[in-house]
Amino acid sequence: MTLATPETAFTFLREKGFRLTKGRRAVVNLLLGDDSPLSVNEVLERLKKRGTNINRVTAYRELAFLEEMGLVESVQFEDGMRRYARAGGHRHHLICTSCKTVEAVELPHDLDVMEKRIRQQTDFTIDRHELEFYGRCRKCA
Ligand SMILES: [Zn+2]
Ligand SMILES: [Zn+2]
């Protein structure tokens, strides 16, 4: 499946006969809206800010369901915390070592030039890459 958006995910789930509950919709909208990986706590907090209250058990169940459906994938970070993000999304992460938030970042030309150079130097065929930048976010700087 190509990178899912909330809309394509809803269509996909509906076609498979799954119900789109309010909680499910909210989690899909949150996680498939961009590539920032969120912990369960962050999912709960952000949904609350958006006016949707779901409990922790429901959140875990929805995340497991969406992971099983291949829409979301979980990533374990250095701090040992599991975070959830859009499956197949780009993994360029800004990781705040102070408040532990993880934010996705887009690079205009990505690593095209670097990958080309690596390929020429090593004959290694690169399928994908991940980048992690550690530091302090704007709130903690
Ligand atoms: Zn921070
Ligand atoms: Zn990249």
# chains A, B, ... in the order shown; residues from 1 in each chain; ligands from 1
call {"tool": "residues_near_ligand", "arguments": {"ligand": "ligand 2", "cutoff": "7 Å", "atoms": "only C-alpha atoms and all ligand atoms", "output": "list in words"}}
result
His90, Arg91, His92, Asp110, Leu111, His129 and Glu130 of chain A
call {"tool": "residues_near_ligand", "arguments": {"ligand": "ligand 1", "cutoff": "7 Å", "atoms": "only C-alpha atoms and all ligand atoms", "output": "ChimeraX atom specification"}}
result
/A:96-101,136-140
call {"tool": "write_last_selection", "arguments": {"atoms": "N, CA and C atoms", "output": "short mmCIF file (atom, residue, chain, number, x, y, z; two decimals), in the first residue's frame"}}
result
data_model
loop_
_atom_site.label_atom_id
_atom_site.label_comp_id
_atom_site.auth_asym_id
_atom_site.auth_seq_id
_atom_site.Cartn_x
_atom_site.Cartn_y
_atom_site.Cartn_z
N CYS A 96 13.86 15.37 20.94
CA CYS A 96 14.24 16.26 22.03
C CYS A 96 14.67 15.42 23.22
N THR A 97 15.93 15.61 23.64
CA THR A 97 16.46 14.80 24.74
C THR A 97 15.95 15.31 26.08
N SER A 98 15.30 16.50 26.07
CA SER A 98 14.79 17.05 27.31
C SER A 98 13.35 16.60 27.57
N CYS A 99 12.42 16.93 26.67
CA CYS A 99 11.02 16.56 26.90
C CYS A 99 10.62 15.29 26.16
N LYS A 100 11.55 14.72 25.40
CA LYS A 100 11.36 13.42 24.74
C LYS A 100 10.36 13.42 23.58
N THR A 101 9.96 14.61 23.12
CA THR A 101 9.06 14.58 21.97
C THR A 101 9.85 14.24 20.71
N ARG A 136 17.49 19.71 21.44
CA ARG A 136 16.40 20.25 22.22
C ARG A 136 15.38 20.97 21.33
N CYS A 137 14.14 20.72 21.59
CA CYS A 137 13.08 21.32 20.78
C CYS A 137 12.92 22.80 21.12
N ARG A 138 12.06 23.49 20.36
CA ARG A 138 11.94 24.94 20.57
C ARG A 138 11.45 25.27 21.98
N LYS A 139 10.66 24.40 22.57
CA LYS A 139 10.18 24.67 23.92
C LYS A 139 11.29 24.51 24.96
N CYS A 140 12.20 23.58 24.69
CA CYS A 140 13.23 23.25 25.69
C CYS A 140 14.58 23.95 25.44
#
call {"tool": "atom_distance", "arguments": {"atom1": "CA of Glu7 (chain A)", "atom2": "CA of Gly33 (chain A)"}}
result
9.8 Å
call {"tool": "residues_around", "arguments": {"residues": "Asp127 (chain A)", "least_positions_apart": "2", "cutoff": "12 Å", "atoms": "only C-alpha atoms", "output": "number ranges by chain"}}
result
A: 112, 115-116, 119, 124-125, 129-130
call {"tool": "write_last_selection", "arguments": {"atoms": "all heavy atoms", "output": "PDB file, in the first residue's frame"}}
result
ATOM      1  N   ASP A 112      19.226  12.278  -1.652  1.00  0.00           N
ATOM      2  CA  ASP A 112      19.479  11.763  -3.003  1.00  0.00           C
ATOM      3  C   ASP A 112      20.958  11.778  -3.398  1.00  0.00           C
ATOM      4  O   ASP A 112      21.498  10.783  -3.859  1.00  0.00           O
ATOM      5  CB  ASP A 112      18.678  12.577  -4.039  1.00  0.00           C
ATOM      6  CG  ASP A 112      17.179  12.442  -3.822  1.00  0.00           C
ATOM      7  OD1 ASP A 112      16.794  11.583  -2.997  1.00  0.00           O
ATOM      8  OD2 ASP A 112      16.413  13.188  -4.459  1.00  0.00           O
ATOM      9  N   GLU A 115      22.995   9.398  -1.197  1.00  0.00           N
ATOM     10  CA  GLU A 115      22.736   7.991  -1.533  1.00  0.00           C
ATOM     11  C   GLU A 115      23.439   7.607  -2.834  1.00  0.00           C
ATOM     12  O   GLU A 115      23.971   6.517  -2.968  1.00  0.00           O
ATOM     13  CB  GLU A 115      21.223   7.733  -1.639  1.00  0.00           C
ATOM     14  CG  GLU A 115      20.551   7.757  -0.292  1.00  0.00           C
ATOM     15  CD  GLU A 115      19.154   7.139  -0.308  1.00  0.00           C
ATOM     16  OE1 GLU A 115      18.649   6.824  -1.399  1.00  0.00           O
ATOM     17  OE2 GLU A 115      18.591   6.981   0.781  1.00  0.00           O
ATOM     18  N   LYS A 116      23.434   8.519  -3.777  1.00  0.00           N
ATOM     19  CA  LYS A 116      24.088   8.261  -5.062  1.00  0.00           C
ATOM     20  C   LYS A 116      25.587   8.049  -4.834  1.00  0.00           C
ATOM     21  O   LYS A 116      26.185   7.124  -5.375  1.00  0.00           O
ATOM     22  CB  LYS A 116      23.846   9.452  -5.992  1.00  0.00           C
ATOM     23  CG  LYS A 116      24.125   9.154  -7.452  1.00  0.00           C
ATOM     24  CD  LYS A 116      23.760  10.346  -8.327  1.00  0.00           C
ATOM     25  CE  LYS A 116      24.324  10.162  -9.732  1.00  0.00           C
ATOM     26  NZ  LYS A 116      24.336  11.425 -10.478  1.00  0.00           N
ATOM     27  N   ARG A 119      26.292   4.765  -3.194  1.00  0.00           N
ATOM     28  CA  ARG A 119      26.123   3.678  -4.162  1.00  0.00           C
ATOM     29  C   ARG A 119      27.372   3.556  -5.042  1.00  0.00           C
ATOM     30  O   ARG A 119      27.871   2.462  -5.285  1.00  0.00           O
ATOM     31  CB  ARG A 119      24.883   3.955  -5.014  1.00  0.00           C
ATOM     32  CG  ARG A 119      24.254   2.722  -5.604  1.00  0.00           C
ATOM     33  CD  ARG A 119      22.770   2.938  -5.922  1.00  0.00           C
ATOM     34  NE  ARG A 119      22.488   4.247  -6.481  1.00  0.00           N
ATOM     35  CZ  ARG A 119      21.523   5.069  -6.039  1.00  0.00           C
ATOM     36  NH1 ARG A 119      20.745   4.715  -5.050  1.00  0.00           N
ATOM     37  NH2 ARG A 119      21.337   6.241  -6.592  1.00  0.00           N
ATOM     38  N   PHE A 124      26.628  -0.564  -2.717  1.00  0.00           N
ATOM     39  CA  PHE A 124      25.529  -0.966  -1.833  1.00  0.00           C
ATOM     40  C   PHE A 124      24.221  -0.421  -2.397  1.00  0.00           C
ATOM     41  O   PHE A 124      24.135   0.748  -2.765  1.00  0.00           O
ATOM     42  CB  PHE A 124      25.776  -0.401  -0.432  1.00  0.00           C
ATOM     43  CG  PHE A 124      24.803  -0.893   0.598  1.00  0.00           C
ATOM     44  CD1 PHE A 124      25.016  -2.091   1.267  1.00  0.00           C
ATOM     45  CD2 PHE A 124      23.652  -0.160   0.898  1.00  0.00           C
ATOM     46  CE1 PHE A 124      24.119  -2.546   2.216  1.00  0.00           C
ATOM     47  CE2 PHE A 124      22.749  -0.608   1.842  1.00  0.00           C
ATOM     48  CZ  PHE A 124      22.983  -1.811   2.504  1.00  0.00           C
ATOM     49  N   THR A 125      23.220  -1.270  -2.510  1.00  0.00           N
ATOM     50  CA  THR A 125      21.920  -0.827  -3.005  1.00  0.00           C
ATOM     51  C   THR A 125      21.058  -0.401  -1.821  1.00  0.00           C
ATOM     52  O   THR A 125      20.702  -1.215  -0.975  1.00  0.00           O
ATOM     53  CB  THR A 125      21.204  -1.957  -3.770  1.00  0.00           C
ATOM     54  OG1 THR A 125      22.084  -2.417  -4.791  1.00  0.00           O
ATOM     55  CG2 THR A 125      19.905  -1.457  -4.388  1.00  0.00           C
ATOM     56  N   HIS A 129      16.251   4.689   4.277  1.00  0.00           N
ATOM     57  CA  HIS A 129      17.146   5.181   5.317  1.00  0.00           C
ATOM     58  C   HIS A 129      16.315   5.797   6.435  1.00  0.00           C
ATOM     59  O   HIS A 129      15.126   6.075   6.264  1.00  0.00           O
ATOM     60  CB  HIS A 129      18.125   6.213   4.743  1.00  0.00           C
ATOM     61  CG  HIS A 129      17.442   7.412   4.176  1.00  0.00           C
ATOM     62  ND1 HIS A 129      17.322   7.665   2.831  1.00  0.00           N
ATOM     63  CD2 HIS A 129      16.787   8.441   4.795  1.00  0.00           C
ATOM     64  CE1 HIS A 129      16.650   8.777   2.640  1.00  0.00           C
ATOM     65  NE2 HIS A 129      16.296   9.272   3.823  1.00  0.00           N
ATOM     66  N   GLU A 130      16.956   5.966   7.554  1.00  0.00           N
ATOM     67  CA  GLU A 130      16.322   6.638   8.688  1.00  0.00           C
ATOM     68  C   GLU A 130      17.330   7.630   9.246  1.00  0.00           C
ATOM     69  O   GLU A 130      18.523   7.380   9.196  1.00  0.00           O
ATOM     70  CB  GLU A 130      15.976   5.622   9.791  1.00  0.00           C
ATOM     71  CG  GLU A 130      14.931   4.624   9.364  1.00  0.00           C
ATOM     72  CD  GLU A 130      14.647   3.591  10.445  1.00  0.00           C
ATOM     73  OE1 GLU A 130      15.138   3.763  11.582  1.00  0.00           O
ATOM     74  OE2 GLU A 130      13.958   2.624  10.134  1.00  0.00           O
TER      75      GLU A 130
END
call {"tool": "select_by_dssp", "arguments": {"residues": "chain A", "states": "strand (DSSP E)", "output": "PyMOL selection string"}}
result
chain A and resi 72-76+82-86+91-96+102-104+130-135
call {"tool": "residues_around", "arguments": {"residues": "region 63-72 of chain A", "least_positions_apart": "6", "cutoff": "6 Å", "atoms": "only C-alpha atoms", "output": "JSON, numbers by chain"}}
result
{"A": [85, 86, 87]}
call {"tool": "write_last_selection", "arguments": {"atoms": "N, CA and C atoms", "output": "compact mmCIF listing (two decimals), in the first residue's frame"}}
result
# COMPACT_ATOMS: atom_id res chain seq x y z
N ALA A 85 3.39 5.72 14.30
CA ALA A 85 3.40 6.67 13.19
C ALA A 85 2.83 6.01 11.95
N ARG A 86 2.52 6.82 10.98
CA ARG A 86 2.03 6.35 9.69
C ARG A 86 3.00 5.32 9.12
N ALA A 87 2.47 4.19 8.68
CA ALA A 87 3.31 3.14 8.11
C ALA A 87 3.98 3.61 6.82
call {"tool": "atom_distance", "arguments": {"atom1": "CA of Leu3 (chain A)", "atom2": "CA of Asn29 (chain A)"}}
result
13.8 Å
call {"tool": "select_by_dssp", "arguments": {"residues": "chain A", "states": "helix (DSSP H, G or I)", "output": "PyMOL selection string"}}
result
chain A and resi 6-15+22-31+40-49+56-68+112-122
call {"tool": "write_last_selection", "arguments": {"atoms": "C-alpha atoms", "output": "PDB file, in the first residue's frame"}}
result
ATOM      1  CA  PRO A   6      -6.724   9.652   6.519  1.00  0.00           C
ATOM      2  CA  GLU A   7      -9.042   9.592   3.469  1.00  0.00           C
ATOM      3  CA  THR A   8      -7.472   6.529   1.814  1.00  0.00           C
ATOM      4  CA  ALA A   9      -7.354   4.778   5.188  1.00  0.00           C
ATOM      5  CA  PHE A  10     -11.078   5.374   5.769  1.00  0.00           C
ATOM      6  CA  THR A  11     -11.894   4.021   2.310  1.00  0.00           C
ATOM      7  CA  PHE A  12      -9.641   1.002   2.859  1.00  0.00           C
ATOM      8  CA  LEU A  13     -11.222   0.182   6.238  1.00  0.00           C
ATOM      9  CA  ARG A  14     -14.761   0.731   4.981  1.00  0.00           C
ATOM     10  CA  GLU A  15     -14.151  -1.580   2.025  1.00  0.00           C
ATOM     11  CA  LYS A  22     -15.409   8.255  16.431  1.00  0.00           C
ATOM     12  CA  GLY A  23     -12.301   7.060  18.272  1.00  0.00           C
ATOM     13  CA  ARG A  24     -10.970   5.211  15.261  1.00  0.00           C
ATOM     14  CA  ARG A  25     -11.501   8.211  13.012  1.00  0.00           C
ATOM     15  CA  ALA A  26      -9.766  10.480  15.495  1.00  0.00           C
ATOM     16  CA  VAL A  27      -6.703   8.224  15.823  1.00  0.00           C
ATOM     17  CA  VAL A  28      -6.435   7.832  12.040  1.00  0.00           C
ATOM     18  CA  ASN A  29      -6.736  11.589  11.492  1.00  0.00           C
ATOM     19  CA  LEU A  30      -4.075  12.213  14.098  1.00  0.00           C
ATOM     20  CA  LEU A  31      -1.479   9.652  13.028  1.00  0.00           C
ATOM     21  CA  VAL A  40       0.163   6.485  23.590  1.00  0.00           C
ATOM     22  CA  ASN A  41       0.201   9.338  26.115  1.00  0.00           C
ATOM     23  CA  GLU A  42       0.740  11.863  23.353  1.00  0.00           C
ATOM     24  CA  VAL A  43      -2.064  10.336  21.311  1.00  0.00           C
ATOM     25  CA  LEU A  44      -4.410  10.685  24.294  1.00  0.00           C
ATOM     26  CA  GLU A  45      -3.291  14.269  25.007  1.00  0.00           C
ATOM     27  CA  ARG A  46      -3.620  15.427  21.419  1.00  0.00           C
ATOM     28  CA  LEU A  47      -7.003  13.836  20.944  1.00  0.00           C
ATOM     29  CA  LYS A  48      -8.177  15.526  24.127  1.00  0.00           C
ATOM     30  CA  LYS A  49      -6.999  18.890  22.763  1.00  0.00           C
ATOM     31  CA  ARG A  56      -6.127   4.308  27.281  1.00  0.00           C
ATOM     32  CA  VAL A  57      -7.471   0.813  26.627  1.00  0.00           C
ATOM     33  CA  THR A  58      -9.300   2.026  23.525  1.00  0.00           C
ATOM     34  CA  ALA A  59      -6.191   3.871  22.358  1.00  0.00           C
ATOM     35  CA  TYR A  60      -4.032   0.749  22.681  1.00  0.00           C
ATOM     36  CA  ARG A  61      -6.680  -1.324  20.938  1.00  0.00           C
ATOM     37  CA  GLU A  62      -7.019   1.132  18.056  1.00  0.00           C
ATOM     38  CA  LEU A  63      -3.260   1.417  17.617  1.00  0.00           C
ATOM     39  CA  ALA A  64      -2.884  -2.379  17.578  1.00  0.00           C
ATOM     40  CA  PHE A  65      -5.736  -2.626  15.087  1.00  0.00           C
ATOM     41  CA  LEU A  66      -4.283   0.031  12.777  1.00  0.00           C
ATOM     42  CA  GLU A  67      -0.867  -1.617  13.001  1.00  0.00           C
ATOM     43  CA  GLU A  68      -2.416  -4.954  12.085  1.00  0.00           C
ATOM     44  CA  ASP A 112      19.479  11.763  -3.003  1.00  0.00           C
ATOM     45  CA  VAL A 113      22.988  13.088  -3.580  1.00  0.00           C
ATOM     46  CA  MET A 114      24.405  11.253  -0.598  1.00  0.00           C
ATOM     47  CA  GLU A 115      22.736   7.991  -1.533  1.00  0.00           C
ATOM     48  CA  LYS A 116      24.088   8.261  -5.062  1.00  0.00           C
ATOM     49  CA  ARG A 117      27.578   8.817  -3.730  1.00  0.00           C
ATOM     50  CA  ILE A 118      27.308   5.887  -1.327  1.00  0.00           C
ATOM     51  CA  ARG A 119      26.123   3.678  -4.162  1.00  0.00           C
ATOM     52  CA  GLN A 120      29.079   4.685  -6.317  1.00  0.00           C
ATOM     53  CA  GLN A 121      31.591   4.184  -3.528  1.00  0.00           C
ATOM     54  CA  THR A 122      30.316   0.932  -2.119  1.00  0.00           C
TER      55      THR A 122
END
call {"tool": "closest_residue", "arguments": {"among": "A:Ala4, A:Gly89, A:Gly51, A:Arg82", "to": "Ala104 (chain A)", "atoms": "only C-alpha atoms"}}
result
A:Gly89
call {"tool": "atom_distance", "arguments": {"atom1": "CA of Gly88 (chain A)", "atom2": "CA of Val102 (chain A)"}}
result
16.6 Å
call {"tool": "closest_residue", "arguments": {"among": "A:His93, A:Ser39, A:Val105, A:Arg50", "to": "Leu131 (chain A)", "atoms": "only C-alpha atoms"}}
result
A:His93
call {"tool": "closest_residue", "arguments": {"among": "A:Asp79, A:Leu20, A:Tyr84, A:Asn55", "to": "Leu32 (chain A)", "atoms": "only C-alpha atoms"}}
result
A:Tyr84
